[in-house]
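Structure data follow from entry.csv (CSV, C-alpha atoms and all ligand atoms):
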```csv
chain,number,residue,atom,x,y,z
A,1,MET,CA,35.9,-14.8,22.9
A,2,ASN,CA,36.1,-13.0,19.5
A,3,VAL,CA,35.2,-9.3,19.8
A,4,ARG,CA,34.7,-7.4,16.6
A,5,THR,CA,35.1,-3.7,17.0
A,6,LEU,CA,33.1,-1.6,14.5
A,7,SER,CA,34.8,1.6,13.4
A,8,PRO,CA,32.7,4.7,13.9
A,9,ALA,CA,30.8,6.2,11.0
A,10,PRO,CA,32.7,8.9,9.2
A,11,ALA,CA,31.9,12.4,10.5
A,12,VAL,CA,30.4,14.8,7.9
A,13,ARG,CA,31.4,18.4,8.2
A,14,HIS,CA,32.2,21.5,6.2
A,15,PHE,CA,35.6,21.7,4.7
A,16,ASP,CA,37.8,23.9,2.6
A,17,VAL,CA,38.0,22.4,-0.9
A,18,ALA,CA,41.1,24.5,-1.8
A,19,ALA,CA,43.0,23.3,1.2
A,20,LEU,CA,42.2,19.6,0.4
A,21,ALA,CA,42.1,19.9,-3.4
A,22,ARG,CA,44.4,16.9,-3.9
A,23,ASP,CA,42.6,14.8,-1.4
A,24,THR,CA,39.3,15.4,-3.2
A,25,LEU,CA,40.8,14.4,-6.5
A,26,ARG,CA,42.2,11.2,-5.0
A,27,VAL,CA,38.8,10.3,-3.5
A,28,GLN,CA,37.2,11.2,-6.9
A,29,ALA,CA,39.6,9.1,-8.9
A,30,GLN,CA,39.1,6.0,-6.8
A,31,ALA,CA,35.3,6.5,-6.6
A,32,LEU,CA,35.4,6.5,-10.4
A,33,GLY,CA,37.6,3.4,-10.6
A,34,MET,CA,40.8,5.1,-11.6
A,35,PRO,CA,44.3,4.9,-10.0
A,36,PRO,CA,44.4,7.2,-6.9
A,37,ARG,CA,46.7,9.8,-8.5
A,38,ALA,CA,45.0,9.8,-12.0
A,39,LEU,CA,43.4,13.2,-11.4
A,40,ASP,CA,46.2,14.9,-9.5
A,41,ARG,CA,47.0,17.2,-12.5
A,42,ARG,CA,43.7,18.9,-11.9
A,43,ALA,CA,44.7,20.2,-8.5
A,44,ALA,CA,45.3,23.9,-9.6
A,45,GLU,CA,42.0,23.9,-11.5
A,46,ARG,CA,40.1,22.5,-8.4
A,47,ARG,CA,41.7,25.2,-6.2
A,48,ALA,CA,40.6,27.8,-8.6
A,49,ARG,CA,37.0,26.5,-8.7
A,50,ALA,CA,36.9,26.4,-4.9
A,51,SER,CA,37.6,30.1,-4.9
A,52,ARG,CA,34.2,30.7,-6.5
A,53,GLY,CA,32.4,30.2,-3.2
A,54,LEU,CA,31.4,26.5,-2.9
A,55,THR,CA,29.3,24.9,-0.2
A,56,ALA,CA,31.3,21.8,0.6
A,57,LEU,CA,30.9,18.8,2.9
A,58,GLY,CA,33.5,16.2,3.6
A,59,ALA,CA,33.2,12.8,5.3
A,60,PHE,CA,36.2,12.2,7.5
A,61,ALA,CA,37.3,8.9,9.0
A,62,GLY,CA,39.6,10.4,11.6
A,63,SER,CA,41.5,13.0,9.6
A,64,ARG,CA,41.2,11.2,6.3
A,65,LEU,CA,38.8,12.4,3.7
A,66,VAL,CA,36.8,9.4,2.5
A,67,GLY,CA,33.9,11.2,0.7
A,68,PHE,CA,32.8,14.7,-0.3
A,69,ALA,CA,30.1,16.7,-2.0
A,70,TYR,CA,30.0,20.3,-3.0
A,71,GLY,CA,27.8,22.7,-4.9
A,72,ILE,CA,27.3,26.3,-5.9
A,73,PRO,CA,24.3,28.5,-6.7
A,74,ALA,CA,23.6,27.9,-10.4
A,75,GLY,CA,23.5,31.6,-11.2
A,76,ARG,CA,27.2,32.0,-10.1
A,77,SER,CA,29.9,31.8,-12.7
A,78,TYR,CA,31.1,28.2,-13.0
A,79,PRO,CA,32.6,26.2,-15.9
A,80,TRP,CA,29.6,24.0,-16.3
A,81,ARG,CA,27.1,26.8,-16.2
A,82,ASP,CA,27.0,27.8,-19.8
A,83,PRO,CA,26.6,24.4,-21.4
A,84,VAL,CA,24.2,23.2,-18.8
A,85,THR,CA,21.9,26.3,-18.9
A,86,ALA,CA,22.0,26.3,-22.7
A,87,ARG,CA,20.7,22.7,-22.8
A,88,LEU,CA,18.0,23.5,-20.2
A,89,HIS,CA,16.9,26.5,-22.2
A,90,ALA,CA,16.9,24.5,-25.5
A,91,ALA,CA,14.8,21.8,-23.8
A,92,GLY,CA,12.2,24.4,-22.6
A,93,ARG,CA,13.3,23.9,-19.0
A,94,SER,CA,14.5,27.4,-18.4
A,95,VAL,CA,13.1,27.7,-14.9
A,96,TRP,CA,15.7,25.1,-13.8
A,97,ALA,CA,18.5,27.3,-15.0
A,98,GLU,CA,17.4,30.1,-12.6
A,99,ASP,CA,17.5,30.1,-8.9
A,100,SER,CA,18.8,26.6,-8.6
A,101,PHE,CA,21.6,25.1,-6.6
A,102,TYR,CA,24.1,23.2,-8.7
A,103,LEU,CA,25.5,20.0,-7.2
A,104,CYS,CA,29.0,19.9,-8.8
A,105,GLU,CA,30.6,16.8,-7.2
A,106,LEU,CA,29.7,13.8,-5.0
A,107,HIS,CA,32.1,10.9,-4.5
A,108,VAL,CA,32.7,8.3,-1.8
A,109,LEU,CA,35.8,6.0,-1.6
A,110,PRO,CA,34.8,2.4,-2.8
A,111,GLU,CA,35.6,0.9,0.6
A,112,PHE,CA,33.2,3.3,2.3
A,113,GLN,CA,30.3,2.9,-0.2
A,114,GLY,CA,27.1,1.1,0.4
A,115,ARG,CA,26.7,2.3,4.0
A,116,GLY,CA,24.6,5.4,3.5
A,117,LEU,CA,27.5,7.9,3.3
A,118,GLY,CA,26.5,9.1,-0.2
A,119,THR,CA,23.0,9.6,1.0
A,120,ARG,CA,24.2,11.6,4.0
A,121,LEU,CA,26.4,13.8,1.9
A,122,LEU,CA,23.7,14.4,-0.7
A,123,THR,CA,20.9,15.2,1.8
A,124,SER,CA,23.1,17.3,4.1
A,125,LEU,CA,24.4,19.4,1.3
A,126,CYS,CA,21.0,19.9,-0.3
A,127,SER,CA,19.5,20.8,3.0
A,128,ARG,CA,22.0,23.8,3.2
A,129,ALA,CA,20.9,25.2,-0.2
A,130,THR,CA,18.6,28.2,0.0
A,131,GLU,CA,17.4,27.8,-3.6
A,132,PRO,CA,14.0,26.1,-4.3
A,133,ARG,CA,15.5,23.4,-6.6
A,134,VAL,CA,18.8,21.6,-7.3
A,135,ILE,CA,20.3,20.4,-10.6
A,136,LEU,CA,23.3,18.3,-11.5
A,137,THR,CA,24.8,16.4,-14.4
A,138,THR,CA,25.7,12.8,-14.4
A,139,PRO,CA,26.5,10.1,-17.1
A,140,HIS,CA,23.3,8.8,-18.6
A,141,ARG,CA,24.1,5.2,-18.1
A,142,PRO,CA,22.6,3.3,-15.1
A,143,SER,CA,24.8,3.8,-12.0
A,144,ALA,CA,24.7,3.9,-8.2
A,145,ALA,CA,24.6,7.7,-8.5
A,146,ARG,CA,21.6,7.6,-10.8
A,147,ARG,CA,19.7,5.3,-8.3
A,148,LEU,CA,20.7,7.6,-5.4
A,149,TYR,CA,19.4,10.7,-7.1
A,150,ALA,CA,16.2,9.0,-8.3
A,151,ARG,CA,15.5,7.8,-4.7
A,152,HIS,CA,15.6,11.4,-3.6
A,153,GLY,CA,13.2,12.8,-6.2
A,154,TYR,CA,15.6,13.8,-9.0
A,155,HIS,CA,14.3,13.3,-12.5
A,156,ASP,CA,15.8,13.7,-15.9
A,157,LEU,CA,15.4,17.3,-17.2
A,158,VAL,CA,17.5,16.9,-20.4
A,159,THR,CA,18.3,13.5,-21.6
A,160,ALA,CA,21.3,12.1,-23.4
A,161,GLY,CA,24.0,14.5,-24.5
A,162,SER,CA,23.7,15.0,-28.2
A,163,ASP,CA,27.4,15.9,-28.9
A,164,PRO,CA,28.6,14.0,-31.9
A,165,GLY,CA,30.9,11.1,-31.0
A,166,ASP,CA,30.0,11.4,-27.3
A,167,ASP,CA,29.9,7.8,-26.1
A,168,ASP,CA,29.2,8.6,-22.5
A,169,PRO,CA,26.5,11.2,-22.7
A,170,TYR,CA,25.5,13.1,-19.6
A,171,VAL,CA,22.0,13.9,-18.4
A,172,VAL,CA,20.9,17.0,-16.5
A,173,MET,CA,18.8,15.9,-13.5
A,174,GLY,CA,16.8,18.1,-11.1
A,175,ALA,CA,14.8,17.9,-7.9
A,176,GLN,CA,12.6,20.3,-5.9
A,177,LEU,CA,14.0,21.3,-2.5
A,178,PRO,CA,13.8,20.2,0.2
A,179,LEU,CA,14.6,16.7,-1.0
A,180,LEU,CA,12.0,14.1,-0.1
A,181,PRO,CA,12.7,10.4,0.1
A,182,ALA,CA,10.5,8.2,-2.1
A,183,ALA,CA,8.2,7.1,0.8
A,184,PHE,CA,7.3,10.7,1.6
A,185,ARG,CA,6.7,11.6,-2.0
A,186,ALA,CA,4.4,8.6,-2.3
A,187,ALA,CA,2.5,9.6,0.8
A,188,GLN,CA,2.1,13.2,-0.5
A,189,ALA,CA,0.8,11.9,-3.9
A,190,ALA,CA,-1.8,9.6,-2.2
H,1,LIG,C1,27.2,7.6,-6.0
H,1,LIG,C2,28.0,7.4,-4.7
H,1,LIG,C3,28.5,8.7,-4.2
H,1,LIG,C4,27.1,6.7,-3.6
H,1,LIG,O1,27.8,6.7,-2.4
H,1,LIG,P1,27.4,5.6,-1.3
H,1,LIG,O2,28.1,6.0,-0.1
H,1,LIG,O3,27.7,4.2,-1.8
H,1,LIG,O4,25.8,5.8,-1.2
H,1,LIG,P2,24.8,5.0,-0.2
H,1,LIG,O5,25.6,4.1,0.6
H,1,LIG,O6,24.0,6.1,0.4
H,1,LIG,O7,23.9,4.2,-1.3
H,1,LIG,C5,24.5,3.3,-2.1
H,1,LIG,C6,23.8,2.0,-2.1
H,1,LIG,O8,24.0,1.4,-0.8
H,1,LIG,C7,22.8,1.0,-0.2
H,1,LIG,N1,22.9,1.1,1.3
H,1,LIG,C8,23.1,2.3,1.9
H,1,LIG,N2,23.2,2.0,3.3
H,1,LIG,C9,23.1,0.6,3.4
H,1,LIG,C10,23.1,-0.3,4.5
H,1,LIG,N3,23.3,0.2,5.7
H,1,LIG,N4,23.0,-1.6,4.2
H,1,LIG,C11,22.8,-2.0,3.0
H,1,LIG,N5,22.8,-1.2,1.9
H,1,LIG,C12,22.9,0.1,2.1
H,1,LIG,C13,21.8,2.0,-0.8
H,1,LIG,O9,20.5,1.5,-0.8
H,1,LIG,C14,22.3,2.0,-2.2
H,1,LIG,O10,21.8,0.9,-3.0
H,1,LIG,P3,21.7,0.9,-4.6
H,1,LIG,O11,23.0,1.3,-5.2
H,1,LIG,O12,21.3,-0.5,-4.9
H,1,LIG,O13,20.6,1.9,-4.9
H,1,LIG,C15,29.2,6.4,-4.9
H,1,LIG,O14,28.7,5.2,-5.5
H,1,LIG,C16,30.3,6.9,-5.8
H,1,LIG,O15,31.1,7.7,-5.3
H,1,LIG,N6,30.2,6.6,-7.1
H,1,LIG,C17,31.2,7.0,-8.0
H,1,LIG,C18,31.3,8.5,-8.3
H,1,LIG,C19,30.0,9.0,-8.9
H,1,LIG,O16,29.4,8.3,-9.7
H,1,LIG,N7,29.6,10.2,-8.4
H,1,LIG,C20,28.5,10.8,-8.9
H,1,LIG,C21,28.9,11.6,-10.0
H,1,LIG,S1,27.5,12.6,-10.7
```
Would you give me this structure, written as structure tokens?
Ligand SMILES: CC(C)(COP(=O)(O)OP(=O)(O)OC[C@H]1O[C@@H](n2cnc3c(N)ncnc32)[C@H](O)[C@@H]1OP(=O)(O)O)[C@@H](O)C(=O)NCCC(=O)NCCS
Amino acid sequence: MNVRTLSPAPAVRHFDVAALARDTLRVQAQALGMPPRALDRRAAERRARASRGLTALGAFAGSRLVGFAYGIPAGRSYPWRDPVTARLHAAGRSVWAEDSFYLCELHVLPEFQGRGLGTRLLTSLCSRATEPRVILTTPHRPSAARRLYARHGYHDLVTAGSDPGDDDPYVVMGAQLPLLPAAFRAAQAA
């Protein structure tokens, strides 16, 4: 008799980004289709960003980090803050620059994708935010991330980046909190 044992779903829990900075960069590199060590040079920068007071959730298969998400109140000093808030103000979307949670990173290793882990990380992280809304930036092109965000009520606040020569423009997306899946939003609208 063939018995197939399914491995348990990764556990999602808080983690210290500074302590696992290199692991986060390796998950991120592979999620983005790069060689595992392609982003290792950013380890010091990631540790420095972690010291700004992130809320971070990791997905662990045993002790191995296989996915993570983290964010920060948008009002707190953070490298993305100034360009993103400038674009929101310019687009007449200033309210989104104030009292929002900023979702900085969300990545899942390719072999763990398509099982609901990205959804768990996104919804669990956003459920911990105390702000009334959440914003993020992501490349404008269609992607699994864009579909995931749209399913949870995110919409485009500022469309394609207008920097000259930018061939992969990013969009600022936002959603009201708490996040509501599409089915609940449809029921509310009816
Ligand atoms: C975006 C990302 C985090 C999503 O992670 P994920 O774990 O694959 O997310 P989910 O499993 O929750 O959802 C992904 C897809 O699997 C599907 N899915 C989830 N659980 C499923 C299941 N049990 N059976 C079948 N399909 C399932 C979802 O419906 C979704 O389908 P879609 O892409 O056609 O919309 C991941 O693709 C990633 O790391 N991408 C690269 C990095 C990136 O772009 N990060 C965002 C930067 S802003």
Do a neighbour search on A:Ala186 at 12 Å with only C-alpha atoms, toss out local chain neighbours closer than 3 positions, and write the hits as a PyMOL selection string. chain A and resi 151-153+180-183+189-190
State, in Å with one decimal place, the distance from atom CA of A:Ile135 to atom CA of A:Arg47. 22.4 Å
Interatomic distance, atom CA of A:Thr85 to atom CA of A:Ala97 (Å, one decimal):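 A separation of 5.3 Å between them.
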Could you give me, as an NGL selection string, the residues within 7 Å of stretch 13-22 of chain A, counting all atoms listed in the file and dropping anything in the same chain fewer than 5 positions from it? :A and (40 or 43 or 46-47 or 50 or 56-59)
Would you compute, for all listed atoms of ligand LIG 1 (chain H), the axis-aligned bounding box grown by 3 Å on each side, and then report its centre and edge lengths in Å rounded to one decimal, as AutoDock Vina command-line options?
```
--center_x 25.9 --center_y 5.3 --center_z -2.5 --size_x 16.8 --size_y 20.6 --size_z 22.4
```
Quick one: everything within 10 Å of A:Ala38, counting all atoms listed in the file, minus sequence neighbours fewer than 2 positions away in the same chain. Send it as number ranges by chain. A: 25-26, 28-30, 33-36, 40-42
Kindly complete stretch 27-54 of chain A to N, CA and C atoms; the output should be written as a PDB file, in the coordinates of the input.
```pdb
ATOM      1  N   VAL A  27      40.056  10.978  -3.818  1.00  0.00           N
ATOM      2  CA  VAL A  27      38.800  10.300  -3.500  1.00  0.00           C
ATOM      3  C   VAL A  27      37.988  10.137  -4.813  1.00  0.00           C
ATOM      4  N   GLN A  28      37.938  11.186  -5.601  1.00  0.00           N
ATOM      5  CA  GLN A  28      37.200  11.200  -6.900  1.00  0.00           C
ATOM      6  C   GLN A  28      37.703  10.104  -7.810  1.00  0.00           C
ATOM      7  N   ALA A  29      39.028  10.076  -7.974  1.00  0.00           N
ATOM      8  CA  ALA A  29      39.600   9.100  -8.900  1.00  0.00           C
ATOM      9  C   ALA A  29      39.272   7.682  -8.483  1.00  0.00           C
ATOM     10  N   GLN A  30      39.410   7.380  -7.206  1.00  0.00           N
ATOM     11  CA  GLN A  30      39.100   6.000  -6.800  1.00  0.00           C
ATOM     12  C   GLN A  30      37.643   5.692  -6.840  1.00  0.00           C
ATOM     13  N   ALA A  31      36.798   6.670  -6.524  1.00  0.00           N
ATOM     14  CA  ALA A  31      35.300   6.500  -6.600  1.00  0.00           C
ATOM     15  C   ALA A  31      34.975   6.110  -8.074  1.00  0.00           C
ATOM     16  N   LEU A  32      35.706   6.705  -9.022  1.00  0.00           N
ATOM     17  CA  LEU A  32      35.400   6.500 -10.400  1.00  0.00           C
ATOM     18  C   LEU A  32      36.195   5.304 -11.019  1.00  0.00           C
ATOM     19  N   GLY A  33      36.889   4.568 -10.150  1.00  0.00           N
ATOM     20  CA  GLY A  33      37.600   3.400 -10.600  1.00  0.00           C
ATOM     21  C   GLY A  33      38.931   3.622 -11.248  1.00  0.00           C
ATOM     22  N   MET A  34      39.508   4.785 -10.999  1.00  0.00           N
ATOM     23  CA  MET A  34      40.800   5.100 -11.600  1.00  0.00           C
ATOM     24  C   MET A  34      41.909   4.936 -10.519  1.00  0.00           C
ATOM     25  N   PRO A  35      43.175   4.906 -10.950  1.00  0.00           N
ATOM     26  CA  PRO A  35      44.300   4.900 -10.000  1.00  0.00           C
ATOM     27  C   PRO A  35      44.178   6.170  -9.106  1.00  0.00           C
ATOM     28  N   PRO A  36      44.581   6.085  -7.828  1.00  0.00           N
ATOM     29  CA  PRO A  36      44.400   7.200  -6.900  1.00  0.00           C
ATOM     30  C   PRO A  36      44.912   8.553  -7.407  1.00  0.00           C
ATOM     31  N   ARG A  37      46.049   8.543  -8.141  1.00  0.00           N
ATOM     32  CA  ARG A  37      46.700   9.800  -8.500  1.00  0.00           C
ATOM     33  C   ARG A  37      46.268  10.254  -9.952  1.00  0.00           C
ATOM     34  N   ALA A  38      45.325   9.539 -10.546  1.00  0.00           N
ATOM     35  CA  ALA A  38      45.000   9.800 -12.000  1.00  0.00           C
ATOM     36  C   ALA A  38      44.527  11.227 -12.232  1.00  0.00           C
ATOM     37  N   LEU A  39      43.937  11.870 -11.219  1.00  0.00           N
ATOM     38  CA  LEU A  39      43.400  13.200 -11.400  1.00  0.00           C
ATOM     39  C   LEU A  39      44.240  14.303 -10.787  1.00  0.00           C
ATOM     40  N   ASP A  40      45.410  13.941 -10.257  1.00  0.00           N
ATOM     41  CA  ASP A  40      46.200  14.900  -9.500  1.00  0.00           C
ATOM     42  C   ASP A  40      46.524  16.169 -10.361  1.00  0.00           C
ATOM     43  N   ARG A  41      46.633  16.011 -11.678  1.00  0.00           N
ATOM     44  CA  ARG A  41      47.000  17.200 -12.500  1.00  0.00           C
ATOM     45  C   ARG A  41      45.907  18.255 -12.480  1.00  0.00           C
ATOM     46  N   ARG A  42      44.740  17.932 -11.963  1.00  0.00           N
ATOM     47  CA  ARG A  42      43.700  18.900 -11.900  1.00  0.00           C
ATOM     48  C   ARG A  42      43.677  19.759 -10.618  1.00  0.00           C
ATOM     49  N   ALA A  43      44.722  19.607  -9.808  1.00  0.00           N
ATOM     50  CA  ALA A  43      44.700  20.200  -8.500  1.00  0.00           C
ATOM     51  C   ALA A  43      44.569  21.770  -8.574  1.00  0.00           C
ATOM     52  N   ALA A  44      45.322  22.381  -9.483  1.00  0.00           N
ATOM     53  CA  ALA A  44      45.300  23.900  -9.600  1.00  0.00           C
ATOM     54  C   ALA A  44      43.871  24.304 -10.023  1.00  0.00           C
ATOM     55  N   GLU A  45      43.300  23.569 -10.970  1.00  0.00           N
ATOM     56  CA  GLU A  45      42.000  23.900 -11.500  1.00  0.00           C
ATOM     57  C   GLU A  45      40.934  23.761 -10.324  1.00  0.00           C
ATOM     58  N   ARG A  46      41.095  22.702  -9.516  1.00  0.00           N
ATOM     59  CA  ARG A  46      40.100  22.500  -8.400  1.00  0.00           C
ATOM     60  C   ARG A  46      40.252  23.635  -7.390  1.00  0.00           C
ATOM     61  N   ARG A  47      41.477  24.057  -7.101  1.00  0.00           N
ATOM     62  CA  ARG A  47      41.700  25.200  -6.200  1.00  0.00           C
ATOM     63  C   ARG A  47      40.995  26.428  -6.712  1.00  0.00           C
ATOM     64  N   ALA A  48      41.155  26.649  -8.007  1.00  0.00           N
ATOM     65  CA  ALA A  48      40.600  27.800  -8.600  1.00  0.00           C
ATOM     66  C   ALA A  48      39.038  27.785  -8.536  1.00  0.00           C
ATOM     67  N   ARG A  49      38.470  26.611  -8.776  1.00  0.00           N
ATOM     68  CA  ARG A  49      37.000  26.500  -8.700  1.00  0.00           C
ATOM     69  C   ARG A  49      36.526  26.710  -7.268  1.00  0.00           C
ATOM     70  N   ALA A  50      37.340  26.249  -6.307  1.00  0.00           N
ATOM     71  CA  ALA A  50      36.900  26.400  -4.900  1.00  0.00           C
ATOM     72  C   ALA A  50      36.832  27.860  -4.520  1.00  0.00           C
ATOM     73  N   SER A  51      37.594  28.721  -5.208  1.00  0.00           N
ATOM     74  CA  SER A  51      37.600  30.100  -4.900  1.00  0.00           C
ATOM     75  C   SER A  51      36.292  30.817  -5.311  1.00  0.00           C
ATOM     76  N   ARG A  52      35.441  30.106  -6.037  1.00  0.00           N
ATOM     77  CA  ARG A  52      34.200  30.700  -6.500  1.00  0.00           C
ATOM     78  C   ARG A  52      33.082  30.694  -5.483  1.00  0.00           C
ATOM     79  N   GLY A  53      33.360  30.115  -4.309  1.00  0.00           N
ATOM     80  CA  GLY A  53      32.400  30.200  -3.200  1.00  0.00           C
ATOM     81  C   GLY A  53      31.497  28.920  -3.189  1.00  0.00           C
ATOM     82  N   LEU A  54      32.132  27.780  -2.946  1.00  0.00           N
ATOM     83  CA  LEU A  54      31.400  26.500  -2.900  1.00  0.00           C
ATOM     84  C   LEU A  54      30.842  26.278  -1.505  1.00  0.00           C
TER      85      LEU A  54
END
```
